[in-house]
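K.L.:
Following this line is input-v8.cif, made up of mmCIF, C-alpha atoms:
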data_work
loop_
_atom_site.label_atom_id
_atom_site.label_comp_id
_atom_site.auth_asym_id
_atom_site.auth_seq_id
_atom_site.Cartn_x
_atom_site.Cartn_y
_atom_site.Cartn_z
CA MET O 1 -2.98 19.37 8.09
CA SER O 2 -2.79 19.27 11.88
CA GLU O 3 -4.45 15.84 11.98
CA HIS O 4 -1.66 14.34 9.87
CA ILE O 5 1.00 16.03 12.00
CA ILE O 6 -0.45 14.67 15.22
CA ASP O 7 -0.72 11.19 13.72
CA ALA O 8 2.86 11.40 12.46
CA HIS O 9 4.20 12.29 15.89
CA ALA O 10 2.35 9.36 17.44
CA LEU O 11 3.64 7.05 14.73
CA HIS O 12 7.15 8.42 15.21
CA ALA O 13 7.11 7.26 18.83
CA THR O 14 5.83 3.84 17.81
CA ALA O 15 8.39 3.48 15.05
CA GLN O 16 11.28 4.44 17.29
CA TYR O 17 10.14 1.92 19.88
CA LYS O 18 10.13 -0.81 17.24
CA GLN O 19 13.66 0.25 16.20
CA PHE O 20 13.53 0.13 12.40
CA SER O 21 16.83 2.00 12.34
CA ASP O 22 18.01 0.10 9.25
CA LEU O 23 15.43 2.06 7.21
CA ALA O 24 17.15 5.40 7.87
CA ASP O 25 18.32 7.04 4.63
CA LYS O 26 16.66 4.34 2.50
CA VAL O 27 14.89 5.53 -0.64
CA VAL O 28 11.24 4.46 -0.49
CA PHE O 29 8.98 4.74 -3.54
CA ILE O 30 5.25 4.78 -2.62
CA THR O 31 2.40 4.61 -5.12
CA GLY O 32 -1.05 5.87 -4.17
CA ALA O 33 0.77 8.05 -1.65
CA GLY O 34 -1.62 10.99 -1.56
CA SER O 35 -4.19 9.51 0.80
CA GLY O 36 -5.26 6.55 2.88
CA ILE O 37 -2.82 3.74 3.60
CA GLY O 38 -0.24 5.13 1.18
CA ARG O 39 -0.22 8.43 3.03
CA ALA O 40 0.18 6.63 6.36
CA MET O 41 3.09 4.68 4.88
CA ALA O 42 4.79 7.95 3.97
CA ASP O 43 4.51 9.11 7.59
CA ALA O 44 5.78 5.77 8.90
CA PHE O 45 8.88 5.59 6.75
CA ALA O 46 9.62 9.29 7.19
CA ALA O 47 9.48 8.76 10.96
CA ASN O 48 12.32 6.28 10.55
CA GLY O 49 14.45 8.65 8.47
CA ALA O 50 13.75 7.26 5.00
CA HIS O 51 13.72 9.53 1.96
CA LEU O 52 10.50 9.39 -0.05
CA ALA O 53 9.44 9.30 -3.67
CA LEU O 54 5.67 9.69 -3.84
CA LEU O 55 3.47 8.86 -6.84
CA ASP O 56 -0.23 9.53 -7.15
CA ILE O 57 -2.72 10.47 -9.84
CA ASN O 58 -3.99 13.33 -7.65
CA ALA O 59 -1.57 16.28 -7.90
CA GLU O 60 -3.30 18.28 -5.16
CA ALA O 61 -3.11 15.41 -2.68
CA LEU O 62 0.56 14.92 -3.48
CA GLU O 63 1.43 18.57 -2.85
CA ARG O 64 -0.49 18.51 0.42
CA ALA O 65 1.40 15.38 1.47
CA ARG O 66 4.73 16.95 0.54
CA ALA O 67 4.00 20.09 2.58
CA GLU O 68 2.89 18.14 5.64
CA LEU O 69 5.84 15.77 5.48
CA HIS O 70 8.34 18.62 5.15
CA LEU O 71 6.77 20.37 8.11
CA THR O 72 6.84 17.28 10.34
CA PHE O 73 10.07 15.69 9.09
CA PRO O 74 12.29 18.51 7.78
CA GLN O 75 15.34 16.24 7.64
CA ILE O 76 13.99 13.96 4.89
CA GLU O 77 13.75 14.51 1.15
CA VAL O 78 10.38 14.17 -0.61
CA ASP O 79 10.22 13.76 -4.38
CA CYS O 80 6.72 13.78 -5.96
CA HIS O 81 5.46 12.46 -9.30
CA VAL O 82 1.96 12.69 -10.79
CA ALA O 83 1.12 9.64 -12.90
CA SER O 84 -1.38 6.83 -13.36
CA ILE O 85 0.00 3.37 -12.66
CA VAL O 86 -1.98 1.98 -15.62
CA ASP O 87 0.20 4.07 -17.96
CA GLN O 88 3.29 1.90 -18.36
CA VAL O 89 5.23 4.65 -20.12
CA ALA O 90 4.48 7.12 -17.32
CA VAL O 91 5.44 4.54 -14.68
CA GLU O 92 8.78 3.92 -16.36
CA ALA O 93 9.41 7.65 -16.70
CA ALA O 94 8.62 8.29 -13.03
CA THR O 95 10.79 5.37 -11.92
CA ALA O 96 13.69 6.58 -14.05
CA ALA O 97 13.31 10.08 -12.59
CA VAL O 98 13.27 8.77 -9.01
CA HIS O 99 16.34 6.63 -9.65
CA ALA O 100 18.17 9.52 -11.31
CA HIS O 101 17.30 11.83 -8.41
CA PHE O 102 18.31 9.55 -5.55
CA GLY O 103 20.73 7.19 -7.27
CA ARG O 104 18.87 4.11 -6.00
CA ILE O 105 15.48 2.73 -4.92
CA ASP O 106 15.54 0.53 -1.83
CA VAL O 107 11.85 -0.11 -1.18
CA LEU O 108 8.77 -0.06 -3.40
CA LEU O 109 5.42 0.19 -1.62
CA ASN O 110 3.23 -0.84 -4.54
CA ASN O 111 0.07 0.47 -2.92
CA ALA O 112 -2.18 2.19 -5.48
CA GLY O 113 -5.45 0.44 -6.22
CA ILE O 114 -9.22 0.83 -6.50
CA SER O 115 -12.27 -0.85 -4.97
CA ALA O 116 -14.95 -2.65 -6.96
CA ASN O 117 -18.27 -3.75 -5.50
CA ARG O 118 -21.18 -4.68 -7.76
CA PRO O 119 -23.38 -7.74 -8.39
CA THR O 120 -21.58 -9.87 -10.95
CA LEU O 121 -24.53 -10.09 -13.35
CA GLU O 122 -24.63 -6.29 -13.43
CA LEU O 123 -20.85 -5.80 -13.73
CA PRO O 124 -20.02 -3.89 -16.95
CA ALA O 125 -17.02 -5.13 -18.89
CA GLU O 126 -15.36 -1.74 -18.62
CA GLN O 127 -15.51 -1.88 -14.79
CA TRP O 128 -14.05 -5.39 -14.81
CA ARG O 129 -11.23 -4.24 -17.09
CA ARG O 130 -10.62 -1.14 -14.95
CA ALA O 131 -10.22 -3.20 -11.77
CA ILE O 132 -7.82 -5.61 -13.45
CA ASP O 133 -5.92 -2.76 -15.09
CA VAL O 134 -5.36 -0.78 -11.89
CA ASN O 135 -5.13 -3.51 -9.27
CA LEU O 136 -3.09 -6.02 -11.27
CA ASN O 137 -1.53 -4.49 -14.37
CA GLY O 138 -0.51 -1.32 -12.54
CA VAL O 139 1.13 -3.34 -9.78
CA PHE O 140 3.03 -5.35 -12.40
CA TYR O 141 4.20 -2.25 -14.28
CA CYS O 142 5.53 -0.64 -11.10
CA ALA O 143 7.18 -3.83 -9.85
CA GLN O 144 8.88 -4.48 -13.17
CA ALA O 145 10.14 -0.92 -13.58
CA VAL O 146 11.54 -0.68 -10.05
CA ALA O 147 12.92 -4.22 -9.94
CA SER O 148 15.07 -3.60 -13.00
CA ARG O 149 16.93 -0.98 -10.94
CA MET O 150 16.97 -3.10 -7.78
CA VAL O 151 18.46 -6.08 -9.60
CA ALA O 152 21.24 -3.85 -10.89
CA GLN O 153 22.05 -2.71 -7.35
CA GLY O 154 21.71 -6.24 -5.92
CA SER O 155 19.12 -5.46 -3.25
CA GLY O 156 15.61 -4.21 -2.67
CA VAL O 157 12.22 -4.86 -1.10
CA ILE O 158 8.87 -4.75 -2.90
CA LEU O 159 5.61 -4.79 -0.95
CA ASN O 160 2.48 -5.17 -3.07
CA THR O 161 -0.82 -4.15 -1.49
CA ALA O 162 -3.28 -7.00 -2.01
CA SER O 163 -6.27 -7.52 0.31
CA MET O 164 -7.79 -10.10 2.60
CA TYR O 165 -10.15 -10.46 -0.38
CA GLY O 166 -7.19 -11.81 -2.32
CA THR O 167 -7.18 -14.76 0.09
CA VAL O 168 -10.90 -15.22 0.85
CA ALA O 169 -13.97 -14.51 -1.30
CA ALA O 170 -17.00 -12.28 -0.91
CA PRO O 171 -20.13 -11.79 -3.04
CA GLU O 172 -20.43 -8.89 -5.46
CA ARG O 173 -16.66 -8.45 -5.60
CA ALA O 174 -15.69 -10.63 -8.54
CA ALA O 175 -13.36 -8.08 -10.12
CA TYR O 176 -11.83 -6.98 -6.81
CA CYS O 177 -11.27 -10.50 -5.46
CA ALA O 178 -9.90 -11.74 -8.77
CA SER O 179 -7.50 -8.82 -9.15
CA LYS O 180 -6.24 -9.00 -5.56
CA ALA O 181 -5.84 -12.79 -5.67
CA ALA O 182 -3.79 -12.29 -8.81
CA VAL O 183 -1.58 -9.80 -6.93
CA VAL O 184 -0.93 -12.47 -4.29
CA MET O 185 0.17 -15.00 -6.92
CA LEU O 186 2.18 -12.39 -8.82
CA THR O 187 3.96 -11.61 -5.56
CA LYS O 188 4.93 -15.26 -5.11
CA VAL O 189 6.25 -15.56 -8.67
CA LEU O 190 8.33 -12.39 -8.39
CA ALA O 191 9.65 -13.44 -4.98
CA ILE O 192 11.04 -16.76 -6.16
CA GLU O 193 12.29 -15.32 -9.45
CA TRP O 194 14.11 -12.31 -7.99
CA ALA O 195 15.37 -13.70 -4.67
CA PRO O 196 18.70 -14.83 -6.19
CA GLN O 197 19.27 -11.21 -7.25
CA GLY O 198 18.89 -9.98 -3.66
CA LEU O 199 15.24 -8.87 -3.76
CA ARG O 200 12.39 -9.72 -1.41
CA VAL O 201 8.78 -9.46 -2.57
CA ASN O 202 5.83 -9.77 -0.18
CA ALA O 203 2.18 -8.69 -0.17
CA LEU O 204 0.20 -6.79 2.42
CA ALA O 205 -3.36 -8.07 2.72
CA PRO O 206 -5.41 -5.59 4.77
CA GLY O 207 -8.96 -6.10 5.87
CA TYR O 208 -11.35 -3.21 6.32
CA VAL O 209 -9.33 -0.12 7.25
CA ARG O 210 -10.73 3.21 8.41
CA THR O 211 -9.69 5.52 5.58
CA ALA O 212 -11.32 8.69 4.27
CA LEU O 213 -12.84 6.65 1.44
CA VAL O 214 -14.43 4.18 3.88
CA GLU O 215 -15.79 7.01 6.02
CA GLU O 216 -17.27 8.64 2.92
CA LEU O 217 -18.99 5.36 1.95
CA VAL O 218 -20.38 5.04 5.48
CA ARG O 219 -21.76 8.60 5.39
CA ALA O 220 -23.33 7.91 2.00
CA GLY O 221 -25.04 4.80 3.33
CA ARG O 222 -23.13 2.47 0.99
CA MET O 223 -21.28 0.72 3.83
CA ASP O 224 -22.66 -0.48 7.17
CA LEU O 225 -19.94 0.32 9.71
CA GLU O 226 -21.68 -1.38 12.63
CA ALA O 227 -22.17 -4.58 10.63
CA LEU O 228 -18.52 -4.62 9.60
CA GLN O 229 -17.40 -4.14 13.19
CA ARG O 230 -19.70 -6.94 14.42
CA ARG O 231 -18.37 -9.30 11.72
CA THR O 232 -14.74 -8.55 12.63
CA PRO O 233 -13.57 -10.53 15.70
CA ALA O 234 -11.55 -7.49 16.83
CA ARG O 235 -14.85 -5.54 16.78
CA ARG O 236 -13.32 -2.61 14.94
CA LEU O 237 -11.81 -1.57 11.63
CA GLY O 238 -8.08 -1.33 11.17
CA GLU O 239 -6.26 1.99 11.18
CA PRO O 240 -3.97 3.11 8.33
CA HIS O 241 -0.98 3.42 10.66
CA GLU O 242 -1.38 -0.26 11.63
CA ILE O 243 -0.92 -1.33 8.02
CA ALA O 244 1.95 1.14 7.66
CA THR O 245 3.68 -0.34 10.71
CA LEU O 246 3.37 -3.80 9.16
CA ALA O 247 5.01 -2.39 6.03
CA LEU O 248 7.86 -1.04 8.18
CA PHE O 249 8.49 -4.50 9.60
CA LEU O 250 8.35 -6.30 6.24
CA ALA O 251 10.66 -3.74 4.63
CA SER O 252 13.18 -3.93 7.46
CA GLU O 253 15.98 -6.36 8.22
CA HIS O 254 13.75 -7.84 10.92
CA ALA O 255 11.91 -9.60 8.06
CA ALA O 256 15.00 -10.62 6.09
CA PHE O 257 13.87 -14.27 5.77
CA ILE O 258 10.23 -13.49 4.86
CA ASN O 259 9.72 -13.72 1.12
CA GLY O 260 6.81 -14.54 -1.18
CA GLN O 261 4.15 -14.19 1.52
CA ALA O 262 0.77 -12.48 1.71
CA VAL O 263 0.59 -11.13 5.27
CA VAL O 264 -3.03 -10.63 6.31
CA ALA O 265 -3.97 -7.87 8.78
CA ASP O 266 -7.75 -8.01 9.12
CA GLY O 267 -8.63 -8.21 12.82
CA GLY O 268 -9.47 -11.91 12.43
CA TRP O 269 -12.02 -11.48 9.62
CA SER O 270 -10.65 -14.18 7.30
CA ALA O 271 -10.05 -16.64 10.17
CA TYR O 272 -13.74 -16.50 11.12
CA SER O 273 -15.90 -18.52 8.73
CA TYR O 274 -19.24 -17.14 9.99
CA ILE O 275 -20.80 -14.63 7.59
#
Write out the structure in this file as structure tokens.
P.N.:
Amino acid sequence: MSEHIIDAHALHATAQYKQFSDLADKVVFITGAGSGIGRAMADAFAANGAHLALLDINAEALERARAELHLTFPQIEVDCHVASIVDQVAVEAATAAVHAHFGRIDVLLNNAGISANRPTLELPAEQWRRAIDVNLNGVFYCAQAVASRMVAQGSGVILNTASMYGTVAAPERAAYCASKAAVVMLTKVLAIEWAPQGLRVNALAPGYVRTALVEELVRAGRMDLEALQRRTPARRLGEPHEIATLALFLASEHAAFINGQAVVADGGWSAYSYI
């Protein structure tokens, strides 16, 4: 718990310096909020005084996040919901509960997703379907459910988490690249369709980020950290709080004229054509 608290205090200083004061008292709905980038997003928006609705499939991670957030940011409200984003009925129920609780939803951080890395000739159909179901269908279900409330209130921001691998390709990631590229195009469609109703829709496209999942893959020998760092022009992985800070900017009034974009944060990976 202490690690999150220390990170939150550091992020609080950064957020205050960047002056995202327009996010104070906004209602921010975050999917995949129990860990990784979603958890960092919760810290970031809480640091700016936003009230949080957190959704995750992991009930234990959600309760841990709620306790840590209350301890660090006692002035904000944290509402938690356990659900899978691939269950459209559960997504609608959670969205309705969040809206009933707060009376509005100002920002959706459509963050939940899964990785998929396997040679294409060995890729089982069920793993292909799972990647598409979570990374694309789940994003659509959440966006549709929340946007119906945002349209009624005449304002809102949706940030879909795509990936740099939604803009460039890599071997053995057919399902992941396809699903994340689809999120980028879905984002563009929703942005142009919903802009007249006062909504903005953008995508975050992170590169390799140092999360607990990545560290576990490195320890298990399934990911070569040194090779990834050498391949990245910045010579390091990203940090969750860096993606969260980008989300702060895109959700704020500072980004009021940015719509329908996939904003890549990958340390230069996709700009560098050398493999």
K.L.:
Applied to the shown file, which residues does the PyMOL selection byres ((chain O and resi 165-180) around 9) return, written as a VMD selection string?
P.N.:
chain O and resid 114 to 121 123 127 to 136 161 to 164 181 to 185 205 to 207 262 264 270
K.L.:
Produce a file of the selected residues containing C-alpha atoms, as a JSON list (two decimals), in the frame of the given file.
P.N.:
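Okay, part.json is ready:
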[["chain", "number", "residue", "atom", "x", "y", "z"],
["O", 114, "ILE", "CA", -9.22, 0.83, -6.50],
["O", 115, "SER", "CA", -12.27, -0.85, -4.97],
["O", 116, "ALA", "CA", -14.95, -2.65, -6.96],
["O", 117, "ASN", "CA", -18.27, -3.75, -5.50],
["O", 118, "ARG", "CA", -21.18, -4.68, -7.76],
["O", 119, "PRO", "CA", -23.38, -7.74, -8.39],
["O", 120, "THR", "CA", -21.58, -9.87, -10.95],
["O", 121, "LEU", "CA", -24.53, -10.09, -13.35],
["O", 123, "LEU", "CA", -20.85, -5.80, -13.73],
["O", 127, "GLN", "CA", -15.51, -1.88, -14.79],
["O", 128, "TRP", "CA", -14.05, -5.39, -14.81],
["O", 129, "ARG", "CA", -11.23, -4.24, -17.09],
["O", 130, "ARG", "CA", -10.62, -1.14, -14.95],
["O", 131, "ALA", "CA", -10.22, -3.20, -11.77],
["O", 132, "ILE", "CA", -7.82, -5.61, -13.45],
["O", 133, "ASP", "CA", -5.92, -2.76, -15.09],
["O", 134, "VAL", "CA", -5.36, -0.78, -11.89],
["O", 135, "ASN", "CA", -5.13, -3.51, -9.27],
["O", 136, "LEU", "CA", -3.09, -6.02, -11.27],
["O", 161, "THR", "CA", -0.82, -4.15, -1.49],
["O", 162, "ALA", "CA", -3.28, -7.00, -2.01],
["O", 163, "SER", "CA", -6.27, -7.52, 0.31],
["O", 164, "MET", "CA", -7.79, -10.10, 2.60],
["O", 181, "ALA", "CA", -5.84, -12.79, -5.67],
["O", 182, "ALA", "CA", -3.79, -12.29, -8.81],
["O", 183, "VAL", "CA", -1.58, -9.80, -6.93],
["O", 184, "VAL", "CA", -0.93, -12.47, -4.29],
["O", 185, "MET", "CA", 0.17, -15.00, -6.92],
["O", 205, "ALA", "CA", -3.36, -8.07, 2.72],
["O", 206, "PRO", "CA", -5.41, -5.59, 4.77],
["O", 207, "GLY", "CA", -8.96, -6.10, 5.87],
["O", 262, "ALA", "CA", 0.77, -12.48, 1.71],
["O", 264, "VAL", "CA", -3.03, -10.63, 6.31],
["O", 270, "SER", "CA", -10.65, -14.18, 7.30]]
K.L.:
With all atoms listed in the file as the basis for distance, which of O:Val86, O:Ala145, O:His99, O:Ile158 is at the shortest distance from Lys188 (chain O)?
P.N.:
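Going through O:Val86, O:Ala145, O:His99, O:Ile158 one by one, the smallest distance to Lys188 (chain O) is for O:Ile158.
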K.L.:
Rounded to one decimal in Å, what is the spacing between CA of Asn202 (chain O) and CA of Asn259 (chain O)?
P.N.:
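According to the coordinates, CA of Asn202 (chain O) and CA of Asn259 (chain O) are separated by 5.7 Å.
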K.L.:
To one decimal place, how far is CA of Val78 (chain O) from CA of Asn110 (chain O) in Å?
P.N.:
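Spanning CA of Val78 (chain O) to CA of Asn110 (chain O) is a straight-line distance of 17.1 Å.
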K.L.:
Residues near region 30-33 of chain O, anyone? I mean within 9 Å using only C-alpha atoms, not counting same-chain ones fewer than 5 positions away, as a compact mmCIF listing (two decimals) with C-alpha atoms, in the coordinates of the input.
P.N.:
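So out25.txt came out as:
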# COMPACT_ATOMS: atom_id res chain seq x y z
CA GLY O 38 -0.24 5.13 1.18
CA ARG O 39 -0.22 8.43 3.03
CA ALA O 40 0.18 6.63 6.36
CA MET O 41 3.09 4.68 4.88
CA ALA O 42 4.79 7.95 3.97
CA LEU O 52 10.50 9.39 -0.05
CA ALA O 53 9.44 9.30 -3.67
CA LEU O 54 5.67 9.69 -3.84
CA LEU O 55 3.47 8.86 -6.84
CA ASP O 56 -0.23 9.53 -7.15
CA ILE O 57 -2.72 10.47 -9.84
CA ASN O 58 -3.99 13.33 -7.65
CA ALA O 61 -3.11 15.41 -2.68
CA LEU O 62 0.56 14.92 -3.48
CA ALA O 65 1.40 15.38 1.47
CA ILE O 85 0.00 3.37 -12.66
CA VAL O 107 11.85 -0.11 -1.18
CA LEU O 108 8.77 -0.06 -3.40
CA LEU O 109 5.42 0.19 -1.62
CA ASN O 110 3.23 -0.84 -4.54
CA ASN O 111 0.07 0.47 -2.92
CA ALA O 112 -2.18 2.19 -5.48
CA GLY O 113 -5.45 0.44 -6.22
CA CYS O 142 5.53 -0.64 -11.10
K.L.:
On this structure, the PyMOL selection byres ((chain O and resi 238) around 8) would catch which residues? List them as a short mmCIF file (atom, residue, chain, number, x, y, z; two decimals) with C-alpha atoms, in the coordinates of the input, sorted by chain and number.
P.N.:
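Final file, part_34.cif:
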data_model
loop_
_atom_site.label_atom_id
_atom_site.label_comp_id
_atom_site.auth_asym_id
_atom_site.auth_seq_id
_atom_site.Cartn_x
_atom_site.Cartn_y
_atom_site.Cartn_z
CA GLY O 207 -8.96 -6.10 5.87
CA TYR O 208 -11.35 -3.21 6.32
CA VAL O 209 -9.33 -0.12 7.25
CA ARG O 210 -10.73 3.21 8.41
CA ARG O 236 -13.32 -2.61 14.94
CA LEU O 237 -11.81 -1.57 11.63
CA GLU O 239 -6.26 1.99 11.18
CA PRO O 240 -3.97 3.11 8.33
CA GLU O 242 -1.38 -0.26 11.63
CA ILE O 243 -0.92 -1.33 8.02
CA ASP O 266 -7.75 -8.01 9.12
CA GLY O 267 -8.63 -8.21 12.82
#
K.L.:
Using Å and a single decimal, report how far CA of Gly34 (chain O) sits from CA of Ala203 (chain O).
P.N.:
20.1 Å
K.L.:
Evaluate the PyMOL selection byres ((chain O and resi 198) around 8) on the structure here and hand back the selected residues as a list of chain:residue names.
P.N.:
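Evaluating the PyMOL selection byres ((chain O and resi 198) around 8) on these coordinates yields O:Val151, O:Gly154, O:Ser155, O:Gly156, O:Trp194, O:Ala195, O:Pro196, O:Gln197, O:Leu199, O:Arg200.
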K.L.:
Which residue out of O:Thr95, O:Thr245, O:Ser273, O:Ser252 has the minimum interatomic distance to Leu23 (chain O) when all atoms listed in the file are used?
P.N.:
O:Ser252
K.L.:
As JSON, please report the centre and edge lengths, rounded to one decimal in Å, of the axis-aligned box that holds all listed atoms of region 28-35 of chain O with 4 Å of padding on each of the six sides.
P.N.:
{"center_x": 3.5, "center_y": 7.7, "center_z": -2.2, "size_x": 23.4, "size_y": 14.5, "size_z": 13.9}
K.L.:
For Gln261 (chain O), which residue out of O:Ile76, O:Ile192, O:Ala59, O:Ala90 is the nearest one, using only C-alpha atoms?
P.N.:
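Closest candidate: O:Ile192.
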K.L.:
Just checking: using all atoms listed in the file, which residue out of O:Tyr141, O:Phe29, O:Phe249, O:Tyr274 ends up closest to Cys80 (chain O)?
P.N.:
O:Phe29
